[in-house]
>>> print(open('work_37.pdb').read())   # PDB, C-alpha atoms
ATOM      1  CA  MET A1434     -25.242   5.243  27.574  1.00  0.00           C
ATOM      2  CA  LYS A1435     -24.778   8.301  29.795  1.00  0.00           C
ATOM      3  CA  ALA A1436     -27.676  10.739  29.975  1.00  0.00           C
ATOM      4  CA  SER A1437     -25.390  13.627  28.999  1.00  0.00           C
ATOM      5  CA  VAL A1438     -24.276  11.848  25.822  1.00  0.00           C
ATOM      6  CA  ILE A1439     -27.834  10.969  24.848  1.00  0.00           C
ATOM      7  CA  PHE A1440     -28.982  14.510  25.598  1.00  0.00           C
ATOM      8  CA  THR A1441     -26.097  16.002  23.586  1.00  0.00           C
ATOM      9  CA  ARG A1442     -26.855  13.758  20.611  1.00  0.00           C
ATOM     10  CA  ALA A1443     -30.565  14.551  20.824  1.00  0.00           C
ATOM     11  CA  LEU A1444     -29.831  18.253  21.057  1.00  0.00           C
ATOM     12  CA  LEU A1445     -27.479  18.168  18.067  1.00  0.00           C
ATOM     13  CA  ALA A1446     -29.947  16.101  16.056  1.00  0.00           C
ATOM     14  CA  ALA A1447     -32.784  18.439  16.930  1.00  0.00           C
ATOM     15  CA  ALA A1448     -30.707  21.504  16.115  1.00  0.00           C
ATOM     16  CA  VAL A1449     -29.695  20.066  12.755  1.00  0.00           C
ATOM     17  CA  LEU A1450     -33.237  18.923  11.965  1.00  0.00           C
ATOM     18  CA  THR A1451     -34.756  22.314  12.717  1.00  0.00           C
ATOM     19  CA  GLY A1452     -32.244  24.036  10.474  1.00  0.00           C
ATOM     20  CA  CYS A1453     -32.679  21.766   7.462  1.00  0.00           C
ATOM     21  CA  SER A1454     -35.575  22.174   5.117  1.00  0.00           C
ATOM     22  CA  ASP A1455     -36.299  22.362   1.422  1.00  0.00           C
ATOM     23  CA  ASN A1456     -39.459  22.178  -0.607  1.00  0.00           C
ATOM     24  CA  ASN A1457     -39.562  18.372  -0.532  1.00  0.00           C
ATOM     25  CA  SER A1458     -38.737  17.716   3.094  1.00  0.00           C
ATOM     26  CA  TYR A1459     -40.539  17.883   6.378  1.00  0.00           C
ATOM     27  CA  GLU A1460     -39.573  20.734   8.701  1.00  0.00           C
ATOM     28  CA  VAL A1461     -39.540  19.876  12.398  1.00  0.00           C
ATOM     29  CA  SER A1462     -41.346  22.466  14.505  1.00  0.00           C
ATOM     30  CA  SER A1463     -39.935  23.837  17.740  1.00  0.00           C
ATOM     31  CA  ALA A1464     -42.645  21.970  19.680  1.00  0.00           C
ATOM     32  CA  GLU A1465     -41.571  18.690  18.046  1.00  0.00           C
ATOM     33  CA  THR A1466     -37.921  19.500  18.743  1.00  0.00           C
ATOM     34  CA  THR A1467     -38.735  20.084  22.398  1.00  0.00           C
ATOM     35  CA  ALA A1468     -40.637  16.791  22.492  1.00  0.00           C
ATOM     36  CA  ILE A1469     -37.666  14.932  20.961  1.00  0.00           C
ATOM     37  CA  ILE A1470     -35.209  16.404  23.444  1.00  0.00           C
ATOM     38  CA  THR A1471     -37.548  15.908  26.414  1.00  0.00           C
ATOM     39  CA  THR A1472     -38.250  12.304  25.432  1.00  0.00           C
ATOM     40  CA  GLU A1473     -34.561  11.506  24.969  1.00  0.00           C
ATOM     41  CA  ALA A1474     -33.550  13.198  28.223  1.00  0.00           C
ATOM     42  CA  THR A1475     -36.403  11.637  30.216  1.00  0.00           C
ATOM     43  CA  THR A1476     -35.688   8.195  28.805  1.00  0.00           C
ATOM     44  CA  ALA A1477     -32.005   8.563  29.618  1.00  0.00           C
ATOM     45  CA  VAL A1478     -32.718   9.635  33.186  1.00  0.00           C
ATOM     46  CA  GLU A1479     -35.237   6.844  33.707  1.00  0.00           C
ATOM     47  CA  THR A1480     -32.871   4.193  32.382  1.00  0.00           C
ATOM     48  CA  THR A1481     -29.868   5.409  34.358  1.00  0.00           C
ATOM     49  CA  ALA A1482     -31.538   6.224  37.688  1.00  0.00           C
ATOM     50  CA  ALA A1483     -30.383   4.122  40.612  1.00  0.00           C
ATOM     51  CA  PRO A1484     -32.998   2.078  42.454  1.00  0.00           C
ATOM     52  CA  THR A1485     -34.136   3.648  45.708  1.00  0.00           C
ATOM     53  CA  THR A1486     -33.831   1.944  49.068  1.00  0.00           C
ATOM     54  CA  GLU A1487     -35.380   2.720  52.411  1.00  0.00           C
ATOM     55  CA  ALA A1488     -32.031   3.602  53.968  1.00  0.00           C
ATOM     56  CA  ALA A1489     -30.796   6.543  51.939  1.00  0.00           C
ATOM     57  CA  THR A1490     -27.069   7.053  51.782  1.00  0.00           C
ATOM     58  CA  GLU A1491     -25.077  10.051  50.660  1.00  0.00           C
ATOM     59  CA  PRO A1492     -23.878   9.641  47.086  1.00  0.00           C
ATOM     60  CA  THR A1493     -20.140   9.589  46.683  1.00  0.00           C
ATOM     61  CA  THR A1494     -18.517  11.524  43.902  1.00  0.00           C
ATOM     62  CA  VAL A1495     -15.459  10.140  42.262  1.00  0.00           C
ATOM     63  CA  SER A1496     -13.312  12.749  40.613  1.00  0.00           C
ATOM     64  CA  SER A1497     -10.874  11.840  37.905  1.00  0.00           C
ATOM     65  CA  SER A1498      -9.009  15.119  38.398  1.00  0.00           C
ATOM     66  CA  LEU A1499      -5.275  14.736  38.390  1.00  0.00           C
ATOM     67  CA  LEU A1500      -4.415  18.378  39.086  1.00  0.00           C
ATOM     68  CA  SER A1501      -4.712  20.534  42.148  1.00  0.00           C
ATOM     69  CA  SER A1502      -2.980  23.665  40.815  1.00  0.00           C
ATOM     70  CA  ALA A1503      -1.511  25.198  37.656  1.00  0.00           C
ATOM     71  CA  GLU A1504       1.986  24.304  38.839  1.00  0.00           C
ATOM     72  CA  ASP A1505       1.112  20.604  38.484  1.00  0.00           C
ATOM     73  CA  ILE A1506       1.370  20.777  34.682  1.00  0.00           C
ATOM     74  CA  GLY A1507       4.871  22.312  34.636  1.00  0.00           C
ATOM     75  CA  LEU A1508       4.080  24.715  31.776  1.00  0.00           C
ATOM     76  CA  ARG A1509       7.372  25.721  30.169  1.00  0.00           C
ATOM     77  CA  ASP A1510       8.520  27.900  27.269  1.00  0.00           C
ATOM     78  CA  VAL A1511      10.605  25.450  25.227  1.00  0.00           C
ATOM     79  CA  ASP A1512      12.448  27.946  23.020  1.00  0.00           C
ATOM     80  CA  GLY A1513      12.395  31.121  25.118  1.00  0.00           C
ATOM     81  CA  ASN A1514      10.408  33.043  22.484  1.00  0.00           C
ATOM     82  CA  GLY A1515       7.064  33.066  24.292  1.00  0.00           C
ATOM     83  CA  GLN A1516       5.360  30.973  21.615  1.00  0.00           C
ATOM     84  CA  ASN A1517       6.200  27.284  21.911  1.00  0.00           C
ATOM     85  CA  TYR A1518       5.219  25.736  25.224  1.00  0.00           C
ATOM     86  CA  GLU A1519       4.948  22.265  26.641  1.00  0.00           C
ATOM     87  CA  PHE A1520       3.159  20.911  29.668  1.00  0.00           C
ATOM     88  CA  THR A1521       2.765  17.526  31.301  1.00  0.00           C
ATOM     89  CA  TYR A1522      -0.553  15.880  32.042  1.00  0.00           C
ATOM     90  CA  ASP A1523      -1.066  12.269  33.117  1.00  0.00           C
ATOM     91  CA  GLU A1524       2.599  11.567  32.359  1.00  0.00           C
ATOM     92  CA  ARG A1525       2.180  12.773  28.744  1.00  0.00           C
ATOM     93  CA  GLN A1526       3.810  15.780  27.097  1.00  0.00           C
ATOM     94  CA  PHE A1527       1.494  18.222  25.353  1.00  0.00           C
ATOM     95  CA  SER A1528       2.425  20.985  22.947  1.00  0.00           C
ATOM     96  CA  ALA A1529       0.836  24.414  23.369  1.00  0.00           C
ATOM     97  CA  LEU A1530       1.514  27.051  20.719  1.00  0.00           C
ATOM     98  CA  TYR A1531       0.718  30.655  21.558  1.00  0.00           C
ATOM     99  CA  GLU A1532      -0.102  33.163  18.845  1.00  0.00           C
ATOM    100  CA  PRO A1533      -1.690  36.520  19.641  1.00  0.00           C
ATOM    101  CA  ASP A1534      -5.096  35.824  21.229  1.00  0.00           C
ATOM    102  CA  ASN A1535      -4.889  32.083  20.561  1.00  0.00           C
ATOM    103  CA  TRP A1536      -3.615  29.008  22.356  1.00  0.00           C
ATOM    104  CA  HIS A1537      -3.387  25.903  20.129  1.00  0.00           C
ATOM    105  CA  ILE A1538      -3.212  22.624  22.073  1.00  0.00           C
ATOM    106  CA  ASN A1539      -2.217  19.491  20.143  1.00  0.00           C
ATOM    107  CA  ASP A1540      -4.038  16.250  21.014  1.00  0.00           C
ATOM    108  CA  SER A1541      -6.343  18.129  23.383  1.00  0.00           C
ATOM    109  CA  TYR A1542      -8.958  15.367  23.128  1.00  0.00           C
ATOM    110  CA  LEU A1543      -6.798  13.275  25.479  1.00  0.00           C
ATOM    111  CA  ILE A1544      -7.645  15.553  28.423  1.00  0.00           C
ATOM    112  CA  GLU A1545     -11.261  15.217  29.505  1.00  0.00           C
ATOM    113  CA  ASP A1546     -11.655  16.129  33.172  1.00  0.00           C
ATOM    114  CA  ARG A1547     -13.469  19.492  33.488  1.00  0.00           C
ATOM    115  CA  ALA A1548     -11.625  20.612  36.632  1.00  0.00           C
ATOM    116  CA  ASP A1549      -8.273  19.802  35.032  1.00  0.00           C
ATOM    117  CA  LEU A1550      -9.227  21.679  31.856  1.00  0.00           C
ATOM    118  CA  VAL A1551      -9.958  24.782  33.932  1.00  0.00           C
ATOM    119  CA  ILE A1552      -6.609  24.500  35.732  1.00  0.00           C
ATOM    120  CA  ILE A1553      -4.722  24.076  32.438  1.00  0.00           C
ATOM    121  CA  CYS A1554      -6.545  27.012  30.846  1.00  0.00           C
ATOM    122  CA  GLN A1555      -5.756  29.168  33.885  1.00  0.00           C
ATOM    123  CA  ALA A1556      -2.074  28.249  33.575  1.00  0.00           C
ATOM    124  CA  LEU A1557      -2.160  29.287  29.910  1.00  0.00           C
ATOM    125  CA  ILE A1558      -3.863  32.632  30.486  1.00  0.00           C
ATOM    126  CA  ASP A1559      -1.548  33.369  33.409  1.00  0.00           C
ATOM    127  CA  VAL A1560       1.243  33.412  30.803  1.00  0.00           C
ATOM    128  CA  HIS A1561      -0.660  34.909  27.842  1.00  0.00           C
ATOM    129  CA  PRO A1562      -4.272  36.031  28.326  1.00  0.00           C
ATOM    130  CA  VAL A1563      -6.691  35.805  25.399  1.00  0.00           C
ATOM    131  CA  HIS A1564      -9.082  38.643  24.561  1.00  0.00           C
ATOM    132  CA  SER A1565     -12.825  38.138  24.730  1.00  0.00           C
ATOM    133  CA  ALA A1566     -14.811  38.041  21.487  1.00  0.00           C
ATOM    134  CA  ASP A1567     -15.599  41.760  21.693  1.00  0.00           C
ATOM    135  CA  MET A1568     -11.885  42.508  22.311  1.00  0.00           C
ATOM    136  CA  THR A1569     -12.713  44.666  25.369  1.00  0.00           C
ATOM    137  CA  GLY A1570     -12.092  42.055  28.060  1.00  0.00           C
ATOM    138  CA  TRP A1571     -10.394  38.716  28.630  1.00  0.00           C
ATOM    139  CA  ARG A1572     -11.531  35.121  28.372  1.00  0.00           C
ATOM    140  CA  THR A1573     -11.808  33.168  31.595  1.00  0.00           C
ATOM    141  CA  ALA A1574     -10.375  29.740  32.277  1.00  0.00           C
ATOM    142  CA  GLU A1575     -13.935  28.394  32.668  1.00  0.00           C
ATOM    143  CA  ASP A1576     -15.010  29.745  29.280  1.00  0.00           C
ATOM    144  CA  MET A1577     -11.938  28.325  27.573  1.00  0.00           C
ATOM    145  CA  ALA A1578     -12.484  24.949  29.269  1.00  0.00           C
ATOM    146  CA  HIS A1579     -16.081  24.984  27.988  1.00  0.00           C
ATOM    147  CA  GLU A1580     -14.814  25.437  24.418  1.00  0.00           C
ATOM    148  CA  TRP A1581     -12.262  22.671  24.958  1.00  0.00           C
ATOM    149  CA  GLU A1582     -15.038  20.321  26.139  1.00  0.00           C
ATOM    150  CA  LYS A1583     -17.066  21.067  22.998  1.00  0.00           C
ATOM    151  CA  HIS A1584     -14.058  20.149  20.847  1.00  0.00           C
ATOM    152  CA  ASN A1585     -13.683  16.899  22.781  1.00  0.00           C
ATOM    153  CA  GLN A1586     -17.371  16.102  22.289  1.00  0.00           C
ATOM    154  CA  ALA A1587     -17.062  16.722  18.566  1.00  0.00           C
ATOM    155  CA  TYR A1588     -13.997  14.496  18.380  1.00  0.00           C
ATOM    156  CA  TYR A1589     -15.789  11.586  20.052  1.00  0.00           C
ATOM    157  CA  LEU A1590     -19.064  12.041  18.147  1.00  0.00           C
ATOM    158  CA  LEU A1591     -17.485  12.273  14.692  1.00  0.00           C
ATOM    159  CA  PRO A1592     -16.928   9.010  12.827  1.00  0.00           C
ATOM    160  CA  ASP A1593     -13.322   8.120  12.019  1.00  0.00           C
ATOM    161  CA  SER A1594     -14.092   8.687   8.339  1.00  0.00           C
ATOM    162  CA  SER A1595     -15.029  12.344   8.910  1.00  0.00           C
ATOM    163  CA  GLU A1596     -12.692  14.949   7.454  1.00  0.00           C
ATOM    164  CA  TRP A1597     -13.322  17.088  10.573  1.00  0.00           C
ATOM    165  CA  LYS A1598     -12.162  14.483  13.094  1.00  0.00           C
ATOM    166  CA  SER A1599      -8.478  15.301  12.635  1.00  0.00           C
ATOM    167  CA  SER A1600      -9.060  18.998  13.320  1.00  0.00           C
ATOM    168  CA  ALA A1601     -11.269  18.254  16.337  1.00  0.00           C
ATOM    169  CA  LYS A1602      -8.435  16.387  18.057  1.00  0.00           C
ATOM    170  CA  ASP A1603      -6.695  19.740  18.677  1.00  0.00           C
ATOM    171  CA  VAL A1604      -8.246  22.876  20.133  1.00  0.00           C
ATOM    172  CA  ASP A1605      -7.682  26.546  19.349  1.00  0.00           C
ATOM    173  CA  LEU A1606      -8.639  28.663  22.339  1.00  0.00           C
ATOM    174  CA  ASP A1607      -9.053  32.000  20.618  1.00  0.00           C
ATOM    175  CA  SER A1608     -11.177  35.137  20.863  1.00  0.00           C
ATOM    176  CA  LYS A1609     -13.715  34.329  18.173  1.00  0.00           C
ATOM    177  CA  ASP A1610     -15.039  31.140  19.804  1.00  0.00           C
ATOM    178  CA  GLU A1611     -15.808  32.614  23.225  1.00  0.00           C
ATOM    179  CA  GLY A1612     -19.169  31.422  24.564  1.00  0.00           C
ATOM    180  CA  LYS A1613     -20.137  29.390  21.505  1.00  0.00           C
ATOM    181  CA  SER A1614     -22.223  26.249  21.781  1.00  0.00           C
ATOM    182  CA  ALA A1615     -21.350  22.959  20.082  1.00  0.00           C
ATOM    183  CA  PHE A1616     -23.908  23.797  17.401  1.00  0.00           C
ATOM    184  CA  ASP A1617     -22.351  27.258  16.831  1.00  0.00           C
ATOM    185  CA  LEU A1618     -18.902  25.699  16.487  1.00  0.00           C
ATOM    186  CA  PHE A1619     -20.293  23.111  14.064  1.00  0.00           C
ATOM    187  CA  MET A1620     -21.980  25.780  11.942  1.00  0.00           C
ATOM    188  CA  ASP A1621     -18.719  27.769  11.824  1.00  0.00           C
ATOM    189  CA  ARG A1622     -16.896  24.714  10.466  1.00  0.00           C
ATOM    190  CA  ILE A1623     -19.385  23.988   7.697  1.00  0.00           C
ATOM    191  CA  ARG A1624     -19.312  27.621   6.583  1.00  0.00           C
ATOM    192  CA  GLU A1625     -15.511  27.537   6.127  1.00  0.00           C
TER
END
>>> encode(input="work_37.pdb", output="structure tokens")
Amino acid sequence: MKASVIFTRALLAAAVLTGCSDNNSYEVSSAETTAIITTEATTAVETTAAPTTEAATEPTTVSSSLLSSAEDIGLRDVDGNGQNYEFTYDERQFSALYEPDNWHINDSYLIEDRADLVIICQALIDVHPVHSADMTGWRTAEDMAHEWEKHNQAYYLLPDSSEWKSSAKDVDLDSKDEGKSAFDLFMDRIRE
């Protein structure tokens, strides 16, 4: 299992554990939470580290990016009203609905590459920017891609039986979710 997945699961578990307590249950202290996360992360790194050799070689990075620019997705207004858009990614058509300060992407979980998410988000905000949470500035493509990644993580972590899985397969890139962590997004959903 990838270190990032183990770390994310440990972090979510620790965050949930530290927030849950009643008179009959054990509350996990911040020191214990740190120990849990450190142990999980250290174990993951130790189990995934490559063996060392005397002749060190430069690691090669393999990118799964399919895009080099915003033009690669062919973003188009399908009805001429500035609301219903489509774009192409990996030979698939995706629907993107724009409402004031919100881009809704259907089946967003199918796009996972971080660099490609940033390019797609930049293409979207080039057409219709989205305000920042404080409504005084604008969201960046990087910030929107971060939110998109958190939605993807939720989609893959949720069991198929979860009522939230169907809503996690799409992403709403709006003002209110700027800069939120996976835990913040989760807490927003359970408060609804």
>>> residues_around(input="work_37.pdb", residues="segment 1597-1603 of chain A", least_positions_apart="5", cutoff="12 Å", atoms="all atoms listed in the file", output="number ranges by chain")
A: 1527-1530, 1536-1545, 1580-1592, 1615, 1618-1619, 1622-1623, 1625
>>> write_last_selection(input="work_37.pdb", atoms="C-alpha atoms", output="CSV table (one decimal), in the frame of the given file")
chain,number,residue,atom,x,y,z
A,1527,PHE,CA,1.5,18.2,25.4
A,1528,SER,CA,2.4,21.0,22.9
A,1529,ALA,CA,0.8,24.4,23.4
A,1530,LEU,CA,1.5,27.1,20.7
A,1536,TRP,CA,-3.6,29.0,22.4
A,1537,HIS,CA,-3.4,25.9,20.1
A,1538,ILE,CA,-3.2,22.6,22.1
A,1539,ASN,CA,-2.2,19.5,20.1
A,1540,ASP,CA,-4.0,16.2,21.0
A,1541,SER,CA,-6.3,18.1,23.4
A,1542,TYR,CA,-9.0,15.4,23.1
A,1543,LEU,CA,-6.8,13.3,25.5
A,1544,ILE,CA,-7.6,15.6,28.4
A,1545,GLU,CA,-11.3,15.2,29.5
A,1580,GLU,CA,-14.8,25.4,24.4
A,1581,TRP,CA,-12.3,22.7,25.0
A,1582,GLU,CA,-15.0,20.3,26.1
A,1583,LYS,CA,-17.1,21.1,23.0
A,1584,HIS,CA,-14.1,20.1,20.8
A,1585,ASN,CA,-13.7,16.9,22.8
A,1586,GLN,CA,-17.4,16.1,22.3
A,1587,ALA,CA,-17.1,16.7,18.6
A,1588,TYR,CA,-14.0,14.5,18.4
A,1589,TYR,CA,-15.8,11.6,20.1
A,1590,LEU,CA,-19.1,12.0,18.1
A,1591,LEU,CA,-17.5,12.3,14.7
A,1592,PRO,CA,-16.9,9.0,12.8
A,1615,ALA,CA,-21.4,23.0,20.1
A,1618,LEU,CA,-18.9,25.7,16.5
A,1619,PHE,CA,-20.3,23.1,14.1
A,1622,ARG,CA,-16.9,24.7,10.5
A,1623,ILE,CA,-19.4,24.0,7.7
A,1625,GLU,CA,-15.5,27.5,6.1
>>> atom_distance(input="work_37.pdb", atom1="atom CA of Asn1535 of chain A", atom2="atom CA of Val1563 of chain A")
6.4 Å
>>> axis_aligned_box(input="work_37.pdb", around="segment 1513-1519 of chain A", padding_each_side="6 Å", output="lines of an AutoDock Vina configuration file")
center_x = 8.7
center_y = 27.7
center_z = 24.1
size_x = 19.4
size_y = 22.8
size_z = 17.0
>>> closest_residue(input="work_37.pdb", among="A:Ile1558, A:Ile1552, A:Leu1606, A:Met1577", to="Ala1503 of chain A", atoms="all atoms listed in the file")
A:Ile1552
>>> residues_around(input="work_37.pdb", residues="Ala1548 of chain A", least_positions_apart="3", cutoff="8 Å", atoms="all atoms listed in the file", output="JSON, numbers by chain")
{"A": [1498, 1500, 1551, 1552]}
>>> closest_residue(input="work_37.pdb", among="A:His1564, A:Arg1509, A:Arg1547, A:His1579", to="Asp1534 of chain A", atoms="all atoms listed in the file")
A:His1564
>>> atom_distance(input="work_37.pdb", atom1="atom CA of Thr1569 of chain A", atom2="atom CA of Lys1609 of chain A")
12.6 Å
>>> resolve_selection(input="work_37.pdb", expression="the PyMOL selection byres ((chain A and resi 1518) around 12)", output="ChimeraX atom specification")
/A:1506-1517,1519-1521,1526-1532,1536-1539,1556-1557,1560-1561
